[in-house]
file my_file01.pdb (PDB, C-alpha atoms)
ATOM      1  CA  MET A 178      99.272 108.043 125.783
ATOM      2  CA  LEU A 179     101.994 110.693 125.728
ATOM      3  CA  GLY A 180     101.309 111.936 122.217
ATOM      4  CA  ARG A 181     100.539 111.079 118.626
ATOM      5  CA  ASP A 182     101.202 112.281 115.100
ATOM      6  CA  ARG A 183      98.716 111.958 112.254
ATOM      7  CA  GLN A 184      99.524 112.670 108.632
ATOM      8  CA  THR A 185      97.414 112.600 105.499
ATOM      9  CA  GLY A 186      98.215 112.569 101.815
ATOM     10  CA  VAL A 187     101.648 111.009 102.338
ATOM     11  CA  LYS A 188     103.630 109.608  99.396
ATOM     12  CA  GLY A 189     106.607 107.317  99.046
ATOM     13  CA  PRO A 190     107.801 104.320 101.068
ATOM     14  CA  SER A 191     109.421 106.445 103.799
ATOM     15  CA  ILE A 192     107.260 108.593 106.062
ATOM     16  CA  ALA A 193     108.895 110.968 108.527
ATOM     17  CA  PHE A 194     106.987 111.718 111.709
ATOM     18  CA  ARG A 195     107.419 113.682 114.913
ATOM     19  CA  ILE A 196     105.470 113.120 118.140
ATOM     20  CA  ALA A 197     105.206 116.091 120.489
ATOM     21  CA  TYR A 198     105.127 115.275 124.211
ATOM     22  CA  ASP A 199     105.697 116.870 127.600
ATOM     23  CA  PRO A 200     109.120 115.773 128.955
ATOM     24  CA  ALA A 201     107.849 116.401 132.494
ATOM     25  CA  GLN A 202     105.528 113.419 132.107
ATOM     26  CA  ILE A 203     108.370 110.974 131.450
ATOM     27  CA  GLN A 204     109.018 108.559 134.315
ATOM     28  CA  PRO A 205     112.476 106.905 134.071
ATOM     29  CA  ASN A 206     111.264 103.623 135.576
ATOM     30  CA  ARG A 207     108.536 103.171 132.960
ATOM     31  CA  ARG A 208     108.732 101.854 129.408
ATOM     32  CA  TYR A 209     107.470 103.823 126.428
ATOM     33  CA  VAL A 210     106.801 102.376 122.980
ATOM     34  CA  VAL A 211     105.853 103.761 119.585
ATOM     35  CA  ARG A 212     103.318 102.060 117.323
ATOM     36  CA  ALA A 213     102.213 103.081 113.846
ATOM     37  CA  THR A 214      99.483 102.229 111.364
ATOM     38  CA  ILE A 215      98.601 103.258 107.824
ATOM     39  CA  ARG A 216      94.944 103.416 106.773
ATOM     40  CA  VAL A 217      93.498 103.817 103.306
ATOM     41  CA  ASP A 218      89.854 104.945 103.105
ATOM     42  CA  GLY A 219      89.461 104.035 106.761
ATOM     43  CA  GLN A 220      90.772 100.482 106.295
ATOM     44  CA  LEU A 221      93.947  99.272 108.012
ATOM     45  CA  TRP A 222      96.644  98.382 105.459
ATOM     46  CA  PHE A 223      99.922  98.445 107.400
ATOM     47  CA  SER A 224     100.797  98.061 111.089
ATOM     48  CA  THR A 225     103.902  97.651 113.231
ATOM     49  CA  ASP A 226     104.164  94.232 114.891
ATOM     50  CA  THR A 227     107.452  94.694 116.765
ATOM     51  CA  VAL A 228     108.096  96.523 120.043
ATOM     52  CA  HIS A 229     109.875  99.845 119.437
ATOM     53  CA  MET A 230     110.929 101.347 122.765
ATOM     54  CA  VAL A 231     111.855 105.016 123.164
ATOM     55  CA  LEU A 232     113.012 107.587 125.726
ATOM     56  CA  THR A 233     113.834 105.434 128.800
ATOM     57  CA  GLN A 234     115.896 102.397 129.837
ATOM     58  CA  GLY A 235     118.597 103.012 127.270
ATOM     59  CA  ALA A 236     116.279 103.830 124.363
ATOM     60  CA  GLY A 237     116.712 107.046 122.387
ATOM     61  CA  ASP A 238     114.250 109.545 120.959
ATOM     62  CA  ARG A 239     114.472 108.330 117.356
ATOM     63  CA  VAL A 240     113.199 105.094 115.853
ATOM     64  CA  ASP A 241     112.893 103.484 112.415
ATOM     65  CA  MET A 242     109.910 101.184 111.999
ATOM     66  CA  LEU A 243     108.903  98.660 109.354
ATOM     67  CA  MET A 244     105.175  98.045 108.916
ATOM     68  CA  PRO A 245     104.114  94.735 107.335
ATOM     69  CA  MET A 246     101.107  94.874 105.048
ATOM     70  CA  VAL A 247      98.047  93.632 106.905
ATOM     71  CA  ARG A 248      95.269  94.668 104.554
ATOM     72  CA  ARG A 249      92.278  92.377 104.206
ATOM     73  CA  ALA A 250      89.467  92.447 101.704
ATOM     74  CA  PRO A 251      86.181  93.948 102.944
ATOM     75  CA  ALA A 252      83.572  91.447 104.074
ATOM     76  CA  GLU A 253      80.974  90.529 101.453
ATOM     77  CA  GLY A 254      78.495  93.350 101.124
ATOM     78  CA  GLN A 255      80.649  95.781 103.115
ATOM     79  CA  ALA A 256      81.908  98.863 101.345
ATOM     80  CA  PRO A 257      85.593  99.781 101.778
ATOM     81  CA  GLY A 258      86.004 102.203 104.630
ATOM     82  CA  GLY A 259      82.671 101.209 106.165
ATOM     83  CA  PRO A 260      82.176 101.193 109.929
ATOM     84  CA  ALA A 261      83.731  98.378 111.971
ATOM     85  CA  ALA A 262      81.055  98.300 114.653
ATOM     86  CA  ALA A 263      80.701  94.506 114.738
ATOM     87  CA  PRO A 264      82.832  92.527 117.188
ATOM     88  CA  ALA A 265      86.024  91.074 115.757
ATOM     89  CA  PRO A 266      85.646  87.397 114.814
ATOM     90  CA  LEU A 267      87.503  84.838 116.900
ATOM     91  CA  THR A 268      89.111  83.142 113.901
ATOM     92  CA  ASN A 269      91.369  84.676 111.256
ATOM     93  CA  THR A 270      92.055  87.650 113.511
ATOM     94  CA  TYR A 271      95.454  88.775 114.775
ATOM     95  CA  TRP A 272      95.028  89.004 118.561
ATOM     96  CA  ARG A 273      97.712  90.942 120.425
ATOM     97  CA  LEU A 274      98.174  89.853 124.050
ATOM     98  CA  TYR A 275      98.224  92.802 126.442
ATOM     99  CA  ASP A 276      97.197  91.535 129.895
ATOM    100  CA  ILE A 277      97.606  88.360 131.984
ATOM    101  CA  ASP A 278      95.668  88.222 135.253
ATOM    102  CA  GLY A 279      95.591  92.005 135.422
ATOM    103  CA  THR A 280      99.322  92.395 134.739
ATOM    104  CA  PRO A 281     100.493  94.131 131.519
ATOM    105  CA  VAL A 282     102.564  91.920 129.243
ATOM    106  CA  VAL A 283     106.341  92.303 129.079
ATOM    107  CA  LEU A 284     107.638  94.524 126.281
ATOM    108  CA  ALA A 285     111.157  93.699 125.107
ATOM    109  CA  PRO A 286     113.012  95.883 122.572
ATOM    110  CA  HIS A 287     113.131  94.661 118.978
ATOM    111  CA  ARG A 288     111.072  91.538 119.680
ATOM    112  CA  ARG A 289     107.731  90.521 118.251
ATOM    113  CA  GLU A 290     104.750  91.395 120.377
ATOM    114  CA  ALA A 291     102.909  88.505 122.026
ATOM    115  CA  TYR A 292     100.010  87.370 119.833
ATOM    116  CA  LEU A 293      97.565  84.589 118.988
ATOM    117  CA  VAL A 294      96.019  83.712 115.625
ATOM    118  CA  LEU A 295      93.381  81.022 115.140
ATOM    119  CA  VAL A 296      93.158  80.158 111.452
ATOM    120  CA  ASP A 297      90.082  78.489 109.983
ATOM    121  CA  ALA A 298      90.706  77.651 106.331
ATOM    122  CA  GLY A 299      87.797  75.703 104.958
ATOM    123  CA  GLY A 300      87.272  73.831 108.213
ATOM    124  CA  VAL A 301      90.982  73.114 108.737
ATOM    125  CA  ARG A 302      91.839  74.730 112.059
ATOM    126  CA  ASN A 303      95.381  75.702 112.984
ATOM    127  CA  ALA A 304      96.671  77.941 115.739
ATOM    128  CA  ARG A 305      99.896  79.887 115.984
ATOM    129  CA  ALA A 306     101.084  82.069 118.816
ATOM    130  CA  LEU A 307     104.059  83.750 120.423
ATOM    131  CA  PHE A 308     103.835  84.581 124.126
ATOM    132  CA  GLY A 309     107.491  85.252 124.902
ATOM    133  CA  CYS A 310     110.392  83.917 122.843
ATOM    134  CA  ASN A 311     109.099  80.713 121.264
ATOM    135  CA  THR A 312     106.593  80.175 118.476
ATOM    136  CA  LEU A 313     103.751  77.770 119.214
ATOM    137  CA  ARG A 314     101.786  75.898 116.558
ATOM    138  CA  GLY A 315      99.024  73.337 116.794
ATOM    139  CA  GLY A 316      95.352  72.686 116.279
ATOM    140  CA  TYR A 317      92.256  73.797 118.122
ATOM    141  CA  GLY A 318      88.597  72.967 118.528
ATOM    142  CA  LEU A 319      85.533  75.092 119.282
ATOM    143  CA  SER A 320      82.279  74.205 121.003
ATOM    144  CA  GLY A 321      80.093  77.156 121.918
ATOM    145  CA  ASP A 322      82.114  79.375 124.247
ATOM    146  CA  GLU A 323      84.719  76.658 124.844
ATOM    147  CA  LEU A 324      88.118  76.538 123.140
ATOM    148  CA  ARG A 325      90.517  73.600 123.207
ATOM    149  CA  PHE A 326      94.081  73.538 121.910
ATOM    150  CA  ASP A 327      95.687  70.256 120.812
ATOM    151  CA  ARG A 328      98.901  68.976 119.221
ATOM    152  CA  VAL A 329     100.697  72.136 120.319
ATOM    153  CA  ALA A 330     104.424  72.161 119.522
ATOM    154  CA  SER A 331     106.910  74.874 120.452
ATOM    155  CA  THR A 332     110.362  75.993 119.442
ATOM    156  CA  GLN A 333     112.939  75.642 122.225
ATOM    157  CA  MET A 334     114.808  78.943 122.340
ATOM    158  CA  ALA A 335     116.195  80.150 125.655
ATOM    159  CA  CYS A 336     114.130  83.068 126.915
ATOM    160  CA  VAL A 337     115.119  86.242 128.738
ATOM    161  CA  PRO A 338     113.868  86.902 132.298
ATOM    162  CA  GLY A 339     110.353  88.288 132.346
ATOM    163  CA  LEU A 340     109.456  86.924 128.952
ATOM    164  CA  ASP A 341     110.155  83.374 130.125
ATOM    165  CA  THR A 342     107.738  83.679 133.056
ATOM    166  CA  GLN A 343     105.099  85.238 130.817
ATOM    167  CA  GLU A 344     105.509  82.459 128.282
ATOM    168  CA  GLN A 345     105.141  79.721 130.892
ATOM    169  CA  ARG A 346     102.004  81.348 132.334
ATOM    170  CA  MET A 347     100.388  81.430 128.901
ATOM    171  CA  LYS A 348     101.424  77.839 128.138
ATOM    172  CA  ARG A 349      99.723  76.726 131.354
ATOM    173  CA  LEU A 350      96.629  78.716 130.436
ATOM    174  CA  ILE A 351      96.194  77.340 126.929
ATOM    175  CA  GLY A 352      97.014  73.856 128.231
ATOM    176  CA  THR A 353      93.880  73.965 130.354
ATOM    177  CA  THR A 354      90.904  72.150 128.815
ATOM    178  CA  PRO A 355      88.567  73.700 128.059
ATOM    179  CA  LEU A 356      89.188  77.432 127.967
ATOM    180  CA  LYS A 357      86.285  79.854 128.031
ATOM    181  CA  TRP A 358      86.439  82.600 125.409
ATOM    182  CA  ARG A 359      84.511  85.861 125.144
ATOM    183  CA  ILE A 360      84.738  88.771 122.714
ATOM    184  CA  ASP A 361      83.663  92.276 123.684
ATOM    185  CA  GLY A 362      84.072  94.520 120.665
ATOM    186  CA  GLN A 363      87.760  94.228 119.794
ATOM    187  CA  ILE A 364      88.811  92.507 123.055
ATOM    188  CA  LEU A 365      89.180  88.731 123.432
ATOM    189  CA  THR A 366      89.275  87.189 126.910
ATOM    190  CA  LEU A 367      90.493  83.621 127.503
ATOM    191  CA  SER A 368      89.931  82.237 130.987
ATOM    192  CA  SER A 369      90.168  79.034 132.992
ATOM    193  CA  GLY A 370      91.160  77.860 136.444
ATOM    194  CA  ALA A 371      94.763  78.641 135.428
ATOM    195  CA  GLY A 372      94.088  82.351 134.943
ATOM    196  CA  GLN A 373      92.880  84.891 132.433
ATOM    197  CA  ALA A 374      94.418  86.609 129.414
ATOM    198  CA  LYS A 375      93.171  89.540 127.365
ATOM    199  CA  PHE A 376      93.938  90.243 123.713
ATOM    200  CA  GLU A 377      93.248  93.167 121.387
ATOM    201  CA  ALA A 378      92.264  92.719 117.739
ATOM    202  CA  VAL A 379      94.952  94.553 115.808
ATOM    203  CA  TYR A 380      94.203  93.551 112.240
ATOM    204  CA  LEU A 381      92.510  90.811 110.279
ATOM    205  CA  ARG A 382      94.269  88.620 107.757
TER     206      ARG A 382
END
call {"tool": "encode", "arguments": {"input": "my_file01.pdb", "output": "structure tokens"}}
result
Amino acid sequence: MLGRDRQTGVKGPSIAFRIAYDPAQIQPNRRYVVRATIRVDGQLWFSTDTVHMVLTQGAGDRVDMLMPMVRRAPAEGQAPGGPAAAPAPLTNTYWRLYDIDGTPVVLAPHRREAYLVLVDAGGVRNARALFGCNTLRGGYGLSGDELRFDRVASTQMACVPGLDTQEQRMKRLIGTTPLKWRIDGQILTLSSGAGQAKFEAVYLR
């Protein structure tokens, strides 16, 4: 992390910020992104979900960011702002993909970050994901530490180099039956003979 800015007591829909950093640490061949969150009483209410690149590879030193509302109600019996020590649940969690077989995911300017959401609404299980350029939707099943995807359909947009390879790798992974899943704190790992992917719990819907 190059730097961060934290503000309290802010008002209004627009929040100006400035991140101090050491220019000597900037490496032209690397990519740098800015992410932002807004918390109320310790609970996450807003978060960026799009890649905002800065400083290198044609990006400038200023950025405007929109943060969708991602607030969720506290769990039953949990006070607002209480500690989040328990591991994130597999279902109804927004999982941001950050690593495939030890390789960081591709970050493309002004595109949605790669993610996976497994929705369980009263026993009706639906999955949605984006691993590159196309949105995937389908169903899934759970049995212990095994996860199976089924009836997966995808949009058919042409994908840019880098993102297309990443997308195909993840499609092969989730197409493997069954996948093993494991959660360590806020990290989800999916693995099979086709590889391994790691996700970070960003917020809960």
call {"tool": "resolve_selection", "arguments": {"input": "my_file01.pdb", "expression": "the PyMOL selection byres ((chain A and resi 270) around 8)", "output": "ChimeraX atom specification"}}
result
/A:265-269,271-272,294-296,378-382
call {"tool": "residues_around", "arguments": {"input": "my_file01.pdb", "residues": "Ala213 of chain A", "least_positions_apart": "5", "cutoff": "12 Å", "atoms": "all atoms listed in the file", "output": "PyMOL selection string"}}
result
chain A and resi 181-184+192-196+221-229+240-245+379
call {"tool": "write_last_selection", "arguments": {"input": "my_file01.pdb", "atoms": "C-alpha atoms", "output": "PDB file, in the frame of the given file"}}
result
ATOM      1  CA  ARG A 181     100.539 111.079 118.626  1.00  0.00           C
ATOM      2  CA  ASP A 182     101.202 112.281 115.100  1.00  0.00           C
ATOM      3  CA  ARG A 183      98.716 111.958 112.254  1.00  0.00           C
ATOM      4  CA  GLN A 184      99.524 112.670 108.632  1.00  0.00           C
ATOM      5  CA  ILE A 192     107.260 108.593 106.062  1.00  0.00           C
ATOM      6  CA  ALA A 193     108.895 110.968 108.527  1.00  0.00           C
ATOM      7  CA  PHE A 194     106.987 111.718 111.709  1.00  0.00           C
ATOM      8  CA  ARG A 195     107.419 113.682 114.913  1.00  0.00           C
ATOM      9  CA  ILE A 196     105.470 113.120 118.140  1.00  0.00           C
ATOM     10  CA  LEU A 221      93.947  99.272 108.012  1.00  0.00           C
ATOM     11  CA  TRP A 222      96.644  98.382 105.459  1.00  0.00           C
ATOM     12  CA  PHE A 223      99.922  98.445 107.400  1.00  0.00           C
ATOM     13  CA  SER A 224     100.797  98.061 111.089  1.00  0.00           C
ATOM     14  CA  THR A 225     103.902  97.651 113.231  1.00  0.00           C
ATOM     15  CA  ASP A 226     104.164  94.232 114.891  1.00  0.00           C
ATOM     16  CA  THR A 227     107.452  94.694 116.765  1.00  0.00           C
ATOM     17  CA  VAL A 228     108.096  96.523 120.043  1.00  0.00           C
ATOM     18  CA  HIS A 229     109.875  99.845 119.437  1.00  0.00           C
ATOM     19  CA  VAL A 240     113.199 105.094 115.853  1.00  0.00           C
ATOM     20  CA  ASP A 241     112.893 103.484 112.415  1.00  0.00           C
ATOM     21  CA  MET A 242     109.910 101.184 111.999  1.00  0.00           C
ATOM     22  CA  LEU A 243     108.903  98.660 109.354  1.00  0.00           C
ATOM     23  CA  MET A 244     105.175  98.045 108.916  1.00  0.00           C
ATOM     24  CA  PRO A 245     104.114  94.735 107.335  1.00  0.00           C
ATOM     25  CA  VAL A 379      94.952  94.553 115.808  1.00  0.00           C
TER      26      VAL A 379
END
call {"tool": "closest_residue", "arguments": {"input": "my_file01.pdb", "among": "A:Arg273, A:Lys357, A:Lys375, A:Lys348", "to": "Gly318 of chain A", "atoms": "all atoms listed in the file"}}
result
A:Lys357
call {"tool": "resolve_selection", "arguments": {"input": "my_file01.pdb", "expression": "the PyMOL selection byres ((chain A and resi 368) around 6)", "output": "ChimeraX atom specification"}}
result
/A:356-357,367,369,372-373
call {"tool": "resolve_selection", "arguments": {"input": "my_file01.pdb", "expression": "the PyMOL selection byres ((chain A and resi 365) around 6)", "output": "number ranges by chain"}}
result
A: 359-360, 364, 366, 375-376
call {"tool": "atom_distance", "arguments": {"input": "my_file01.pdb", "atom1": "atom CA of Asn303 of chain A", "atom2": "atom CA of Leu284 of chain A"}}
result
26.1 Å
call {"tool": "residues_near_point", "arguments": {"input": "my_file01.pdb", "point": "(112.2, 110.0, 128.4)", "cutoff": "7 Å", "atoms": "only C-alpha atoms", "output": "list in words"}}
result
Pro200, Ile203, Gln204, Pro205, Leu232 and Thr233 of chain A
call {"tool": "write_last_selection", "arguments": {"input": "my_file01.pdb", "atoms": "C-alpha atoms", "output": "compact mmCIF listing (two decimals), keeping the file's coordinate frame"}}
result
# COMPACT_ATOMS: atom_id res chain seq x y z
CA PRO A 200 109.12 115.77 128.96
CA ILE A 203 108.37 110.97 131.45
CA GLN A 204 109.02 108.56 134.32
CA PRO A 205 112.48 106.90 134.07
CA LEU A 232 113.01 107.59 125.73
CA THR A 233 113.83 105.43 128.80
call {"tool": "axis_aligned_box", "arguments": {"input": "my_file01.pdb", "around": "segment 194-205 of chain A", "padding_each_side": "6 Å", "output": "AutoDock Vina command-line options"}}
result
--center_x 108.8 --center_y 111.9 --center_z 123.0 --size_x 19.3 --size_y 22.0 --size_z 34.6
call {"tool": "residues_around", "arguments": {"input": "my_file01.pdb", "residues": "Ala335 of chain A", "least_positions_apart": "4", "cutoff": "10 Å", "atoms": "all atoms listed in the file", "output": "list in words"}}
result
Cys310, Asn311 and Asp341 of chain A
call {"tool": "closest_residue", "arguments": {"input": "my_file01.pdb", "among": "A:Arg208, A:Arg314, A:Arg305, A:Arg239", "to": "Ser331 of chain A", "atoms": "only C-alpha atoms"}}
result
A:Arg314
call {"tool": "atom_distance", "arguments": {"input": "my_file01.pdb", "atom1": "atom CA of Gly180 of chain A", "atom2": "atom CA of Ala197 of chain A"}}
result
6.0 Å
call {"tool": "closest_residue", "arguments": {"input": "my_file01.pdb", "among": "A:Arg349, A:Pro355, A:Phe326, A:Ile277", "to": "Ala371 of chain A", "atoms": "only C-alpha atoms"}}
result
A:Arg349
call {"tool": "closest_residue", "arguments": {"input": "my_file01.pdb", "among": "A:Thr353, A:Ser320, A:Gln343, A:Gln202", "to": "Leu274 of chain A", "atoms": "all atoms listed in the file"}}
result
A:Gln343
call {"tool": "atom_distance", "arguments": {"input": "my_file01.pdb", "atom1": "atom CA of Arg328 of chain A", "atom2": "atom CA of Tyr292 of chain A"}}
result
18.4 Å
call {"tool": "residues_around", "arguments": {"input": "my_file01.pdb", "residues": "Val329 of chain A", "least_positions_apart": "4", "cutoff": "7 Å", "atoms": "only C-alpha atoms", "output": "VMD selection string"}}
result
chain A and resid 313 to 316
call {"tool": "write_last_selection", "arguments": {"input": "my_file01.pdb", "atoms": "C-alpha atoms", "output": "CSV table (one decimal), in the frame of the given file"}}
result
chain,number,residue,atom,x,y,z
A,313,LEU,CA,103.8,77.8,119.2
A,314,ARG,CA,101.8,75.9,116.6
A,315,GLY,CA,99.0,73.3,116.8
A,316,GLY,CA,95.4,72.7,116.3
